[in-house]
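Below is one structure, written out as structure tokens; the observations come after it.
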Amino acid sequence: MPRTSFAGSLSSPKVDVVIDTGNHLLNHTVDGFLKIGTVAAAKTAVEETFHVVRRGSVSKHNLEDALKKMCKEGAYWGTVAGVYVGMEYGIERVRGTRDWKNAMIGGALTGALISAVSSNKGDKIITDAITGGAVATAAEFLNYLT
């Protein structure tokens, strides 16, 4: 009996845009902002495309709304990522070591800061800090697997 097979590999894309501000902390922060902001904008573009296809019509108003959402989401996600990357890098420099604890502390500080800026108070800021630390630590542990 004839058999066919398929072999191939899938690798993640490697995109590097280097912006040298002359400051390592600022370089990391800008890099995080740009990379994650781009992911958020792309996510929003795909969602908006899905909605347009589902409705079956497109208009100039739909395109303008989609562009506004892409910019808003990109700026928000990029800002959060930039703050986190900057925090983690700064903590690494202060502690003088590179380990998962930097991610945990950076995530917790970022979660608390973003929560406070969003006009949250008290317990909500604490729970957001715990969530930020947990998510950042989990992501760091996933990086060890690859």
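A note on labels: chains of the structure tokens are A, B, ... as shown, every chain counts residues from 1, and ligands are counted from 1 in their shown order.
Look at region 47-54 of chain A: the protein and nucleic acid residues within 9 Å of it, using only C-alpha atoms and passing over chain neighbours fewer than 6 places away, are Asn62, Leu63, Asp65, Ala66 and Lys69 of chain A.
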- Please provide the set of residues having any atom within 9 Å of Thr137 (chain A), restricted to only C-alpha atoms, with same-chain residues fewer than 6 positions apart removed, written as an NGL selection string. :A and (100-105 or 107)
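Coordinates place CA of Ala108 (chain A) at a distance of 14.3 Å from CA of Glu92 (chain A).
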